[in-house]
$ cat entry_23.txt   # compact mmCIF, C-alpha atoms
# COMPACT_ATOMS: atom_id res chain seq x y z
CA MET A 1321 122.32 116.43 92.59
CA LYS A 1322 119.75 113.70 91.95
CA TYR A 1323 117.85 115.75 89.33
CA PRO A 1324 120.26 118.22 87.67
CA ILE A 1325 117.66 119.32 85.11
CA ILE A 1326 114.48 120.98 86.40
CA THR A 1327 111.67 121.92 84.01
CA ILE A 1328 108.98 124.28 85.27
CA GLY A 1329 105.62 124.59 83.50
CA ARG A 1330 103.30 127.24 84.88
CA GLN A 1331 100.04 129.13 84.57
CA HIS A 1332 100.47 132.79 83.67
CA GLY A 1333 100.33 134.83 86.87
CA SER A 1334 101.04 131.84 89.10
CA GLY A 1335 104.44 133.10 90.16
CA GLY A 1336 106.06 130.14 88.41
CA ARG A 1337 108.72 132.33 86.86
CA THR A 1338 109.72 133.70 90.27
CA VAL A 1339 109.85 130.16 91.64
CA ALA A 1340 112.12 129.15 88.74
CA GLU A 1341 114.44 132.12 89.35
CA GLN A 1342 114.74 131.33 93.04
CA VAL A 1343 115.30 127.62 92.49
CA ALA A 1344 118.11 128.38 90.02
CA LYS A 1345 119.61 130.85 92.48
CA ALA A 1346 119.38 128.45 95.43
CA LEU A 1347 121.05 125.66 93.45
CA ASP A 1348 123.46 128.07 91.76
CA ILE A 1349 122.64 126.78 88.28
CA PRO A 1350 121.62 128.64 85.08
CA LEU A 1351 118.01 129.62 84.46
CA TYR A 1352 116.78 129.27 80.89
CA ASP A 1353 113.85 131.58 80.46
CA LYS A 1354 114.76 134.87 78.77
CA LEU A 1355 118.13 133.35 77.93
CA LEU A 1356 116.34 130.48 76.20
CA ILE A 1357 114.40 132.95 74.06
CA GLN A 1358 117.65 134.55 72.91
CA LEU A 1359 119.14 131.16 72.04
CA ILE A 1360 116.01 130.03 70.19
CA ALA A 1361 115.89 133.32 68.26
CA LYS A 1362 119.50 132.78 67.26
CA GLU A 1363 118.91 129.14 66.26
CA SER A 1364 115.70 129.78 64.33
CA GLY A 1365 116.45 133.17 62.86
CA PHE A 1366 113.18 134.56 64.23
CA ALA A 1367 112.93 137.79 66.18
CA GLU A 1368 113.03 137.47 69.98
CA GLU A 1369 109.65 139.15 70.18
CA TYR A 1370 108.15 136.44 67.97
CA VAL A 1371 109.83 133.63 69.89
CA LYS A 1372 108.73 135.06 73.22
CA ASP A 1373 104.99 134.48 72.94
CA THR A 1374 105.00 131.32 70.89
CA ASP A 1375 103.00 129.29 73.40
CA MET A 1376 100.35 131.97 73.60
CA ARG A 1377 99.51 132.02 69.92
CA LYS A 1378 96.94 130.01 68.06
CA ILE A 1379 98.29 126.82 66.52
CA GLN A 1380 97.96 126.93 62.78
CA SER A 1381 99.89 123.95 61.56
CA PHE A 1382 97.57 121.30 60.25
CA PHE A 1383 99.29 120.39 57.00
CA TYR A 1384 102.40 118.51 58.01
CA GLY A 1385 102.23 116.11 55.07
CA MET A 1386 102.32 118.93 52.55
CA TYR A 1387 105.77 120.17 53.46
CA ILE A 1388 108.98 118.72 52.17
CA ASP A 1389 111.63 119.98 54.57
CA SER A 1390 111.68 122.02 57.76
CA ARG A 1391 112.24 125.31 55.90
CA ASN A 1392 108.86 124.79 54.31
CA LEU A 1393 107.10 123.97 57.56
CA PRO A 1394 104.72 126.48 59.12
CA LEU A 1395 106.62 129.07 61.16
CA GLU A 1396 105.28 127.70 64.45
CA ASP A 1397 106.61 124.24 63.67
CA GLN A 1398 110.01 125.56 62.58
CA LEU A 1399 110.12 127.39 65.87
CA TYR A 1400 109.15 124.29 67.85
CA ILE A 1401 111.93 122.30 66.15
CA ALA A 1402 114.52 125.01 66.82
CA GLN A 1403 113.42 125.35 70.42
CA SER A 1404 113.54 121.58 71.03
CA LYS A 1405 117.07 121.53 69.66
CA VAL A 1406 118.15 124.38 71.95
CA ILE A 1407 116.51 122.75 74.99
CA LYS A 1408 118.39 119.50 74.33
CA GLU A 1409 121.66 121.38 73.84
CA VAL A 1410 121.46 123.46 77.01
CA SER A 1411 120.42 120.43 79.07
CA GLU A 1412 123.50 118.57 77.85
CA LYS A 1413 125.76 121.37 79.05
CA GLY A 1414 124.95 120.70 82.72
CA PRO A 1415 122.47 121.35 85.53
CA CYS A 1416 119.84 124.03 84.81
CA VAL A 1417 116.26 125.21 85.25
CA ILE A 1418 114.14 125.48 82.08
CA VAL A 1419 110.85 127.40 82.08
CA GLY A 1420 107.94 126.23 79.88
CA ARG A 1421 108.32 125.40 76.18
CA CYS A 1422 107.31 121.74 76.54
CA ALA A 1423 110.77 121.05 78.01
CA ASP A 1424 109.35 118.18 80.09
CA TYR A 1425 108.29 116.50 76.85
CA VAL A 1426 111.42 117.37 74.87
CA LEU A 1427 113.56 115.77 77.60
CA ARG A 1428 111.24 112.83 78.30
CA GLU A 1429 113.89 110.21 77.57
CA ARG A 1430 116.27 111.41 80.26
CA ASN A 1431 115.67 110.00 83.73
CA ASP A 1432 117.43 112.77 85.64
CA VAL A 1433 114.85 115.48 84.93
CA LEU A 1434 112.51 116.83 87.63
CA ASN A 1435 109.30 118.04 85.99
CA VAL A 1436 107.38 120.66 87.97
CA PHE A 1437 104.12 122.50 87.35
CA ILE A 1438 103.10 125.67 89.18
CA HIS A 1439 99.57 127.01 89.47
CA ALA A 1440 97.69 129.41 91.74
CA PRO A 1441 94.09 130.31 92.64
CA LEU A 1442 92.53 132.60 90.02
CA ASP A 1443 92.15 135.61 92.36
CA GLN A 1444 95.85 135.49 93.21
CA ARG A 1445 96.79 135.20 89.54
CA ILE A 1446 94.68 138.24 88.69
CA GLU A 1447 96.29 140.23 91.50
CA ARG A 1448 99.79 139.26 90.36
CA VAL A 1449 99.15 140.01 86.68
CA ARG A 1450 97.53 143.38 87.46
CA ASP A 1451 99.62 144.65 90.36
CA THR A 1452 103.03 143.07 89.80
CA TYR A 1453 103.26 142.59 86.03
CA HIS A 1454 101.17 145.75 85.40
CA GLU A 1455 99.29 144.14 82.52
CA ILE A 1456 96.20 146.15 81.68
CA GLU A 1457 93.12 144.13 80.72
CA LYS A 1458 89.38 144.78 80.78
CA ASP A 1459 88.43 141.34 82.02
CA TYR A 1460 91.25 139.57 83.83
CA THR A 1461 89.36 136.31 84.32
CA LYS A 1462 88.63 136.05 80.61
CA TYR A 1463 92.21 137.05 79.78
CA LEU A 1464 93.75 134.36 82.01
CA LYS A 1465 91.30 131.67 80.86
CA LYS A 1466 92.23 132.51 77.27
CA LEU A 1467 95.95 132.30 78.01
CA ASP A 1468 95.45 128.94 79.77
CA LYS A 1469 93.56 127.69 76.75
CA GLN A 1470 96.27 128.84 74.33
CA ARG A 1471 99.12 127.46 76.40
CA SER A 1472 97.22 124.22 76.79
CA ASN A 1473 96.51 123.97 73.03
CA TYR A 1474 100.15 124.61 72.27
CA TYR A 1475 101.40 121.98 74.73
CA ASN A 1476 98.79 119.38 73.74
CA HIS A 1477 99.43 119.94 70.03
CA TYR A 1478 103.17 119.37 70.22
CA THR A 1479 103.33 116.73 72.94
CA GLY A 1480 100.16 114.65 72.61
CA ARG A 1481 99.87 115.04 76.39
CA LYS A 1482 97.53 117.23 78.39
CA TRP A 1483 98.90 120.46 79.85
CA GLY A 1484 98.49 120.70 83.62
CA THR A 1485 97.52 117.04 84.09
CA SER A 1486 99.14 115.67 87.24
CA ASP A 1487 100.61 112.57 85.57
CA ASN A 1488 102.96 114.66 83.43
CA TYR A 1489 104.74 116.15 86.41
CA ASP A 1490 106.77 114.78 89.30
CA LEU A 1491 105.65 117.72 91.40
CA VAL A 1492 102.80 120.20 91.24
CA TYR A 1493 102.42 123.15 93.63
CA SER A 1494 99.95 125.90 94.23
CA THR A 1495 101.89 129.07 95.10
CA ASP A 1496 99.06 129.73 97.55
CA LEU A 1497 101.32 127.66 99.84
CA GLY A 1498 103.95 130.42 99.65
CA VAL A 1499 106.60 130.91 96.99
CA GLU A 1500 109.44 130.49 99.48
CA SER A 1501 108.16 127.12 100.73
CA VAL A 1502 107.59 125.88 97.19
CA VAL A 1503 111.16 126.84 96.24
CA LYS A 1504 112.56 125.04 99.30
CA SER A 1505 110.57 121.93 98.44
CA ILE A 1506 111.74 121.82 94.81
CA VAL A 1507 115.36 122.29 95.91
CA TYR A 1508 114.91 119.45 98.42
CA PHE A 1509 113.68 117.04 95.75
CA ALA A 1510 116.25 118.17 93.16
CA LYS A 1511 119.09 117.52 95.57
CA GLY A 1512 117.48 114.19 96.56
CA GLU A 1513 119.23 114.16 99.91
CA MET B 480 99.43 123.48 112.24
CA LYS B 481 98.66 125.66 109.21
CA TYR B 482 96.61 122.96 107.45
CA PRO B 483 95.08 120.65 110.08
CA ILE B 484 93.02 118.75 107.49
CA ILE B 485 94.87 116.86 104.76
CA THR B 486 92.98 115.12 101.95
CA ILE B 487 94.86 112.62 99.82
CA GLY B 488 93.54 111.53 96.42
CA ARG B 489 95.54 108.83 94.68
CA GLN B 490 95.88 106.47 91.77
CA HIS B 491 95.49 102.81 92.71
CA GLY B 492 98.94 101.32 93.18
CA SER B 493 100.64 104.71 93.58
CA GLY B 494 101.46 104.16 97.24
CA GLY B 495 99.12 107.01 98.18
CA ARG B 496 97.63 105.02 101.03
CA THR B 497 101.08 104.37 102.53
CA VAL B 498 101.88 108.08 102.17
CA ALA B 499 98.64 108.92 104.00
CA GLU B 500 99.41 106.49 106.83
CA GLN B 501 102.89 107.88 107.29
CA VAL B 502 101.75 111.52 107.19
CA ALA B 503 99.12 110.78 109.87
CA LYS B 504 101.73 109.01 111.96
CA ALA B 505 104.31 111.79 111.59
CA LEU B 506 101.76 114.43 112.59
CA ASP B 507 100.20 112.16 115.22
CA ILE B 508 96.67 112.73 113.91
CA PRO B 509 93.93 110.25 112.94
CA LEU B 510 93.85 108.66 109.49
CA TYR B 511 90.41 108.21 107.94
CA ASP B 512 90.67 105.45 105.41
CA LYS B 513 89.38 102.11 106.69
CA LEU B 514 87.97 103.97 109.67
CA LEU B 515 86.04 106.23 107.30
CA ILE B 516 84.51 103.18 105.62
CA GLN B 517 83.26 101.92 108.99
CA LEU B 518 81.73 105.30 109.82
CA ILE B 519 80.09 105.64 106.39
CA ALA B 520 78.69 102.10 106.65
CA LYS B 521 77.22 103.00 110.04
CA GLU B 522 75.79 106.30 108.77
CA SER B 523 74.33 104.87 105.55
CA GLY B 524 73.28 101.43 106.73
CA PHE B 525 75.21 99.83 103.86
CA ALA B 526 77.63 96.94 104.33
CA GLU B 527 81.30 97.90 104.69
CA GLU B 528 82.10 95.76 101.68
CA TYR B 529 79.69 97.83 99.55
CA VAL B 530 81.00 101.14 100.89
CA LYS B 531 84.61 100.11 100.33
CA ASP B 532 84.66 100.06 96.55
CA THR B 533 82.19 102.82 95.85
CA ASP B 534 84.58 104.89 93.76
CA MET B 535 85.46 101.90 91.63
CA ARG B 536 81.92 101.13 90.49
CA LYS B 537 80.06 102.39 87.47
CA ILE B 538 77.95 105.48 88.12
CA GLN B 539 74.32 104.71 87.51
CA SER B 540 72.46 107.73 88.84
CA PHE B 541 71.06 109.80 86.01
CA PHE B 542 67.58 110.43 87.31
CA TYR B 543 67.99 112.88 90.14
CA GLY B 544 64.78 114.76 89.34
CA MET B 545 62.67 111.65 89.66
CA TYR B 546 63.35 111.07 93.33
CA ILE B 547 61.52 112.78 96.14
CA ASP B 548 63.76 112.27 99.13
CA SER B 549 67.18 110.81 99.78
CA ARG B 550 65.75 107.38 100.69
CA ASN B 551 64.52 107.13 97.13
CA LEU B 552 67.80 108.18 95.54
CA PRO B 553 69.97 105.60 93.76
CA LEU B 554 72.11 103.70 96.25
CA GLU B 555 75.28 105.37 94.97
CA ASP B 556 73.87 108.80 95.65
CA GLN B 557 72.62 107.87 99.10
CA LEU B 558 76.11 106.62 99.79
CA TYR B 559 77.71 109.83 98.49
CA ILE B 560 75.44 111.91 100.75
CA ALA B 561 76.21 109.76 103.80
CA GLN B 562 79.92 109.85 103.07
CA SER B 563 79.97 113.63 102.64
CA LYS B 564 78.21 114.00 105.98
CA VAL B 565 80.75 111.74 107.69
CA ILE B 566 83.69 113.59 106.09
CA LYS B 567 82.36 116.92 107.34
CA GLU B 568 81.79 115.51 110.82
CA VAL B 569 85.23 113.97 111.22
CA SER B 570 86.94 117.09 109.87
CA GLU B 571 85.13 119.16 112.48
CA LYS B 572 86.47 116.99 115.28
CA GLY B 573 90.07 118.11 114.68
CA PRO B 574 93.19 117.55 112.57
CA CYS B 575 93.16 114.43 110.41
CA VAL B 576 94.17 112.82 107.11
CA ILE B 577 91.32 111.71 104.82
CA VAL B 578 91.97 109.35 101.89
CA GLY B 579 89.95 109.70 98.67
CA ARG B 580 86.15 109.96 98.58
CA CYS B 581 86.08 113.43 97.01
CA ALA B 582 87.05 114.87 100.41
CA ASP B 583 88.82 117.80 98.71
CA TYR B 584 85.51 118.76 97.11
CA VAL B 585 83.35 118.05 100.16
CA LEU B 586 85.55 120.36 102.26
CA ARG B 587 86.06 123.00 99.54
CA GLU B 588 84.67 125.82 101.66
CA ARG B 589 87.24 125.45 104.41
CA ASN B 590 90.50 127.31 103.91
CA ASP B 591 92.60 125.17 106.25
CA VAL B 592 92.59 122.04 104.09
CA LEU B 593 95.69 120.81 102.25
CA ASN B 594 94.62 118.88 99.15
CA VAL B 595 97.16 116.36 97.87
CA PHE B 596 97.18 113.98 94.91
CA ILE B 597 99.56 111.03 94.60
CA HIS B 598 100.44 109.26 91.38
CA ALA B 599 103.22 107.01 90.10
CA PRO B 600 104.63 105.73 86.81
CA LEU B 601 102.58 102.83 85.43
CA ASP B 602 105.35 100.22 85.75
CA GLN B 603 105.77 101.04 89.46
CA ARG B 604 102.01 100.86 90.02
CA ILE B 605 101.87 97.43 88.37
CA GLU B 606 104.74 96.20 90.51
CA ARG B 607 103.09 97.48 93.69
CA VAL B 608 99.66 96.05 92.88
CA ARG B 609 101.09 92.67 91.91
CA ASP B 610 103.92 92.20 94.41
CA THR B 611 102.77 94.19 97.45
CA TYR B 612 98.96 94.06 97.28
CA HIS B 613 99.04 90.56 95.71
CA GLU B 614 96.17 91.37 93.37
CA ILE B 615 95.99 88.79 90.59
CA GLU B 616 95.07 90.14 87.15
CA LYS B 617 95.64 88.93 83.60
CA ASP B 618 96.46 92.36 82.19
CA TYR B 619 97.67 94.82 84.82
CA THR B 620 97.87 97.78 82.46
CA LYS B 621 94.26 97.30 81.38
CA TYR B 622 93.21 96.76 84.99
CA LEU B 623 94.84 99.97 86.25
CA LYS B 624 93.58 102.03 83.30
CA LYS B 625 90.06 100.75 84.04
CA LEU B 626 90.35 101.67 87.73
CA ASP B 627 91.64 105.15 86.81
CA LYS B 628 88.68 105.58 84.51
CA GLN B 629 86.18 104.49 87.15
CA ARG B 630 87.70 106.60 89.90
CA SER B 631 87.81 109.54 87.52
CA ASN B 632 84.16 109.05 86.45
CA TYR B 633 83.09 108.88 90.08
CA TYR B 634 84.98 112.02 91.07
CA ASN B 635 83.92 113.99 88.00
CA HIS B 636 80.28 112.95 88.40
CA TYR B 637 79.98 114.10 92.00
CA THR B 638 82.24 117.14 91.94
CA GLY B 639 81.97 118.63 88.45
CA ARG B 640 85.77 118.82 88.55
CA LYS B 641 88.32 116.66 86.79
CA TRP B 642 90.08 113.97 88.80
CA GLY B 643 93.86 114.30 88.76
CA THR B 644 93.89 117.80 87.25
CA SER B 645 96.60 119.90 88.90
CA ASP B 646 94.35 122.85 89.69
CA ASN B 647 92.29 120.83 92.15
CA TYR B 648 95.24 120.13 94.40
CA ASP B 649 97.67 122.22 96.43
CA LEU B 650 100.28 119.54 95.98
CA VAL B 651 100.81 116.67 93.58
CA TYR B 652 103.63 114.12 93.89
CA SER B 653 104.90 111.17 91.96
CA THR B 654 106.01 108.52 94.46
CA ASP B 655 108.83 107.86 92.01
CA LEU B 656 110.53 110.58 94.09
CA GLY B 657 110.47 108.24 97.09
CA VAL B 658 107.61 107.73 99.58
CA GLU B 659 109.70 108.97 102.50
CA SER B 660 110.58 112.27 100.80
CA VAL B 661 106.96 112.81 99.72
CA VAL B 662 105.78 112.26 103.31
CA LYS B 663 108.36 114.71 104.64
CA SER B 664 107.30 117.32 102.12
CA ILE B 665 103.57 117.01 102.93
CA VAL B 666 104.33 117.26 106.65
CA TYR B 667 106.42 120.39 105.97
CA PHE B 668 103.57 122.12 104.13
CA ALA B 669 100.90 120.98 106.61
CA LYS B 670 102.88 122.45 109.49
CA GLY B 671 103.51 125.61 107.47
CA GLU B 672 106.64 126.45 109.43
$ encode --input "entry_23.txt" --output "structure tokens"
Amino acid sequence: MKYPIITIGRQHGSGGRTVAEQVAKALDIPLYDKLLIQLIAKESGFAEEYVKDTDMRKIQSFFYGMYIDSRNLPLEDQLYIAQSKVIKEVSEKGPCVIVGRCADYVLRERNDVLNVFIHAPLDQRIERVRDTYHEIEKDYTKYLKKLDKQRSNYYNHYTGRKWGTSDNYDLVYSTDLGVESVVKSIVYFAKGE
Amino acid sequence: MKYPIITIGRQHGSGGRTVAEQVAKALDIPLYDKLLIQLIAKESGFAEEYVKDTDMRKIQSFFYGMYIDSRNLPLEDQLYIAQSKVIKEVSEKGPCVIVGRCADYVLRERNDVLNVFIHAPLDQRIERVRDTYHEIEKDYTKYLKKLDKQRSNYYNHYTGRKWGTSDNYDLVYSTDLGVESVVKSIVYFAKGE
């Protein structure tokens, strides 16, 4: 396999998680999504529930210089450090798919990583969030814009890059093209045949 | 063909033009790149040389309200209007590949357009510009950053979108993955089989 490590960033409601699942299945390699959360919780000592939504919370760490060691860092930063460690460890074990969590940035020094970003038109995201994920919101547009903003702030804060900017990714797809086709295409590039 | 119209935006030196040529060839449909310049020159009355580098010049039109009709608009704006007209006309004639010129935005109301963006790592862009295009520059990094900035300003000014942002495109590729593979993938999605 030309790119044994595949990172998948995604907009909420884009179907990116489904794409990641199917890519992992097609290549018969582990998927680190929920499993990653468990490992990060174990590494950091935080509850899984806290680890789960880390990239959807407001960043509150502005006082790096004031802290002496990582135990004194803001919780978010401790979590980021633990999660980066886990991402590096799992990627060293062998081929895998990693969802979100700035994995593209954490693994930036490896040259065998395929970085993918998945998005979708807003109306399709709303439909997916409402009808498939059964999330109940008053204003879905506002809700998704807010999540995009939070995920973007999180990514930009920890990486110094811009979330969703084409240059960061080898491949970007709109799932409007069809989840199945997108999966096939990622598998094609990962195999590099 | 599921997407008979393919627009290709690209960074200078990314190989996007070569990708466009090969996609057009593989699908046996016209490529509007140099041909588009000739048609825009004819439509606008400007010299081909002036039309050619329009997206690499500084935007100077800030006084829309002051002009009464399009003949009195700044030259850049007259050119943008002429070019949008030509893009719409050629896309109505049948399947084709259109390179750059905000074609994704101009054709935004059609739902049979595949919008693609091509980029590449900086070192590969420098190599291509220097060794393949034989462009002579003192500082290639500065040169390419400047071109990105100008192309981005042009696109953002006329479209209200952000050049190179994933959301604008159905597909984004780094040619680091190999031009041939990228071409194959675009053809696959355009056919929609």
$ atom_distance --input "entry_23.txt" --atom1 "atom CA of Ser1334 of chain A" --atom2 "atom CA of His1439 of chain A"
5.1 Å
$ residues_around --input "entry_23.txt" --residues "Ile1357 of chain A" --least-positions-apart "2" --cutoff "9 Å" --atoms "only C-alpha atoms" --output "ChimeraX atom specification"
/A:1352-1355,1359-1362,1368-1369,1371-1372,1403
$ write_last_selection --input "entry_23.txt" --atoms "C-alpha atoms" --output "PDB file, in the coordinates of the input"
ATOM      1  CA  TYR A1352     116.780 129.270  80.890  1.00  0.00           C
ATOM      2  CA  ASP A1353     113.850 131.580  80.460  1.00  0.00           C
ATOM      3  CA  LYS A1354     114.760 134.870  78.770  1.00  0.00           C
ATOM      4  CA  LEU A1355     118.130 133.350  77.930  1.00  0.00           C
ATOM      5  CA  LEU A1359     119.140 131.160  72.040  1.00  0.00           C
ATOM      6  CA  ILE A1360     116.010 130.030  70.190  1.00  0.00           C
ATOM      7  CA  ALA A1361     115.890 133.320  68.260  1.00  0.00           C
ATOM      8  CA  LYS A1362     119.500 132.780  67.260  1.00  0.00           C
ATOM      9  CA  GLU A1368     113.030 137.470  69.980  1.00  0.00           C
ATOM     10  CA  GLU A1369     109.650 139.150  70.180  1.00  0.00           C
ATOM     11  CA  VAL A1371     109.830 133.630  69.890  1.00  0.00           C
ATOM     12  CA  LYS A1372     108.730 135.060  73.220  1.00  0.00           C
ATOM     13  CA  GLN A1403     113.420 125.350  70.420  1.00  0.00           C
TER      14      GLN A1403
END
$ atom_distance --input "entry_23.txt" --atom1 "atom CA of Pro1441 of chain A" --atom2 "atom CA of Tyr559 of chain B"
26.9 Å
$ interface_residues --input "entry_23.txt" --of "chain B" --to "chain A" --cutoff "7 Å" --atoms "all atoms listed in the file" --output "MDAnalysis selection string"
chainID B and resid 598 643:646 649:653 664
$ closest_residue --input "entry_23.txt" --among "B:Ile487, B:Met480, B:Cys581, B:Val502" --to "Val658 of chain B" --atoms "only C-alpha atoms"
B:Val502
$ closest_residue --input "entry_23.txt" --among "B:Pro509, B:Pro574, B:Gly639, B:Gly579" --to "Gly495 of chain B" --atoms "all atoms listed in the file"
B:Gly579
$ closest_residue --input "entry_23.txt" --among "A:Arg1421, A:Arg1450, A:His1332, A:Arg1445" --to "Lys1469 of chain A" --atoms "all atoms listed in the file"
A:His1332
$ residues_around --input "entry_23.txt" --residues "Thr1452 of chain A" --least-positions-apart "3" --cutoff "12 Å" --atoms "only C-alpha atoms" --output "CSV table (one decimal) with C-alpha atoms, keeping the file's coordinate frame"
chain,number,residue,atom,x,y,z
A,1333,GLY,CA,100.3,134.8,86.9
A,1334,SER,CA,101.0,131.8,89.1
A,1335,GLY,CA,104.4,133.1,90.2
A,1338,THR,CA,109.7,133.7,90.3
A,1444,GLN,CA,95.8,135.5,93.2
A,1445,ARG,CA,96.8,135.2,89.5
A,1446,ILE,CA,94.7,138.2,88.7
A,1447,GLU,CA,96.3,140.2,91.5
A,1448,ARG,CA,99.8,139.3,90.4
A,1449,VAL,CA,99.2,140.0,86.7
A,1455,GLU,CA,99.3,144.1,82.5
A,1456,ILE,CA,96.2,146.2,81.7
$ atom_distance --input "entry_23.txt" --atom1 "atom CA of Leu1427 of chain A" --atom2 "atom CA of Ile1326 of chain A"
10.3 Å
$ closest_residue --input "entry_23.txt" --among "A:Leu1464, A:Cys1416, A:Ile1401, A:Leu1395" --to "Ala1367 of chain A" --atoms "all atoms listed in the file"
A:Leu1395
$ decode --input "entry_23.txt" --residues "segment 644-658 of chain B" --atoms "N, CA and C atoms" --output "PDB file, in the first residue's frame"
ATOM      1  N   THR B 644     -10.600  27.234  -1.104  1.00  0.00           N
ATOM      2  CA  THR B 644     -11.276  26.667   0.064  1.00  0.00           C
ATOM      3  C   THR B 644     -12.063  25.431  -0.374  1.00  0.00           C
ATOM      4  N   SER B 645     -11.898  24.358   0.381  1.00  0.00           N
ATOM      5  CA  SER B 645     -12.467  23.056  -0.003  1.00  0.00           C
ATOM      6  C   SER B 645     -13.934  23.118  -0.405  1.00  0.00           C
ATOM      7  N   ASP B 646     -14.727  23.844   0.353  1.00  0.00           N
ATOM      8  CA  ASP B 646     -16.171  23.888   0.140  1.00  0.00           C
ATOM      9  C   ASP B 646     -16.591  24.269  -1.274  1.00  0.00           C
ATOM     10  N   ASN B 647     -15.740  25.056  -1.941  1.00  0.00           N
ATOM     11  CA  ASN B 647     -16.096  25.521  -3.289  1.00  0.00           C
ATOM     12  C   ASN B 647     -16.018  24.423  -4.342  1.00  0.00           C
ATOM     13  N   TYR B 648     -15.322  23.349  -4.009  1.00  0.00           N
ATOM     14  CA  TYR B 648     -14.992  22.360  -5.029  1.00  0.00           C
ATOM     15  C   TYR B 648     -15.558  20.980  -4.677  1.00  0.00           C
ATOM     16  N   ASP B 649     -15.977  20.258  -5.706  1.00  0.00           N
ATOM     17  CA  ASP B 649     -16.422  18.875  -5.491  1.00  0.00           C
ATOM     18  C   ASP B 649     -15.225  17.980  -5.218  1.00  0.00           C
ATOM     19  N   LEU B 650     -14.125  18.340  -5.848  1.00  0.00           N
ATOM     20  CA  LEU B 650     -12.909  17.526  -5.752  1.00  0.00           C
ATOM     21  C   LEU B 650     -11.677  18.410  -5.683  1.00  0.00           C
ATOM     22  N   VAL B 651     -10.767  18.061  -4.809  1.00  0.00           N
ATOM     23  CA  VAL B 651      -9.472  18.742  -4.745  1.00  0.00           C
ATOM     24  C   VAL B 651      -8.389  17.668  -4.746  1.00  0.00           C
ATOM     25  N   TYR B 652      -7.337  17.879  -5.537  1.00  0.00           N
ATOM     26  CA  TYR B 652      -6.233  16.918  -5.586  1.00  0.00           C
ATOM     27  C   TYR B 652      -4.893  17.621  -5.460  1.00  0.00           C
ATOM     28  N   SER B 653      -3.965  16.955  -4.802  1.00  0.00           N
ATOM     29  CA  SER B 653      -2.572  17.344  -4.896  1.00  0.00           C
ATOM     30  C   SER B 653      -1.963  16.491  -6.007  1.00  0.00           C
ATOM     31  N   THR B 654      -1.276  17.128  -6.960  1.00  0.00           N
ATOM     32  CA  THR B 654      -0.654  16.339  -8.032  1.00  0.00           C
ATOM     33  C   THR B 654       0.550  15.539  -7.541  1.00  0.00           C
ATOM     34  N   ASP B 655       0.885  15.714  -6.269  1.00  0.00           N
ATOM     35  CA  ASP B 655       1.868  14.850  -5.621  1.00  0.00           C
ATOM     36  C   ASP B 655       1.429  13.377  -5.724  1.00  0.00           C
ATOM     37  N   LEU B 656       0.134  13.161  -5.861  1.00  0.00           N
ATOM     38  CA  LEU B 656      -0.415  11.808  -5.987  1.00  0.00           C
ATOM     39  C   LEU B 656      -0.157  11.217  -7.380  1.00  0.00           C
ATOM     40  N   GLY B 657       0.331  12.037  -8.275  1.00  0.00           N
ATOM     41  CA  GLY B 657       0.589  11.581  -9.653  1.00  0.00           C
ATOM     42  C   GLY B 657      -0.468  12.113 -10.608  1.00  0.00           C
ATOM     43  N   VAL B 658      -0.028  12.823 -11.650  1.00  0.00           N
ATOM     44  CA  VAL B 658      -0.965  13.452 -12.602  1.00  0.00           C
ATOM     45  C   VAL B 658      -1.877  12.399 -13.228  1.00  0.00           C
TER      46      VAL B 658
END
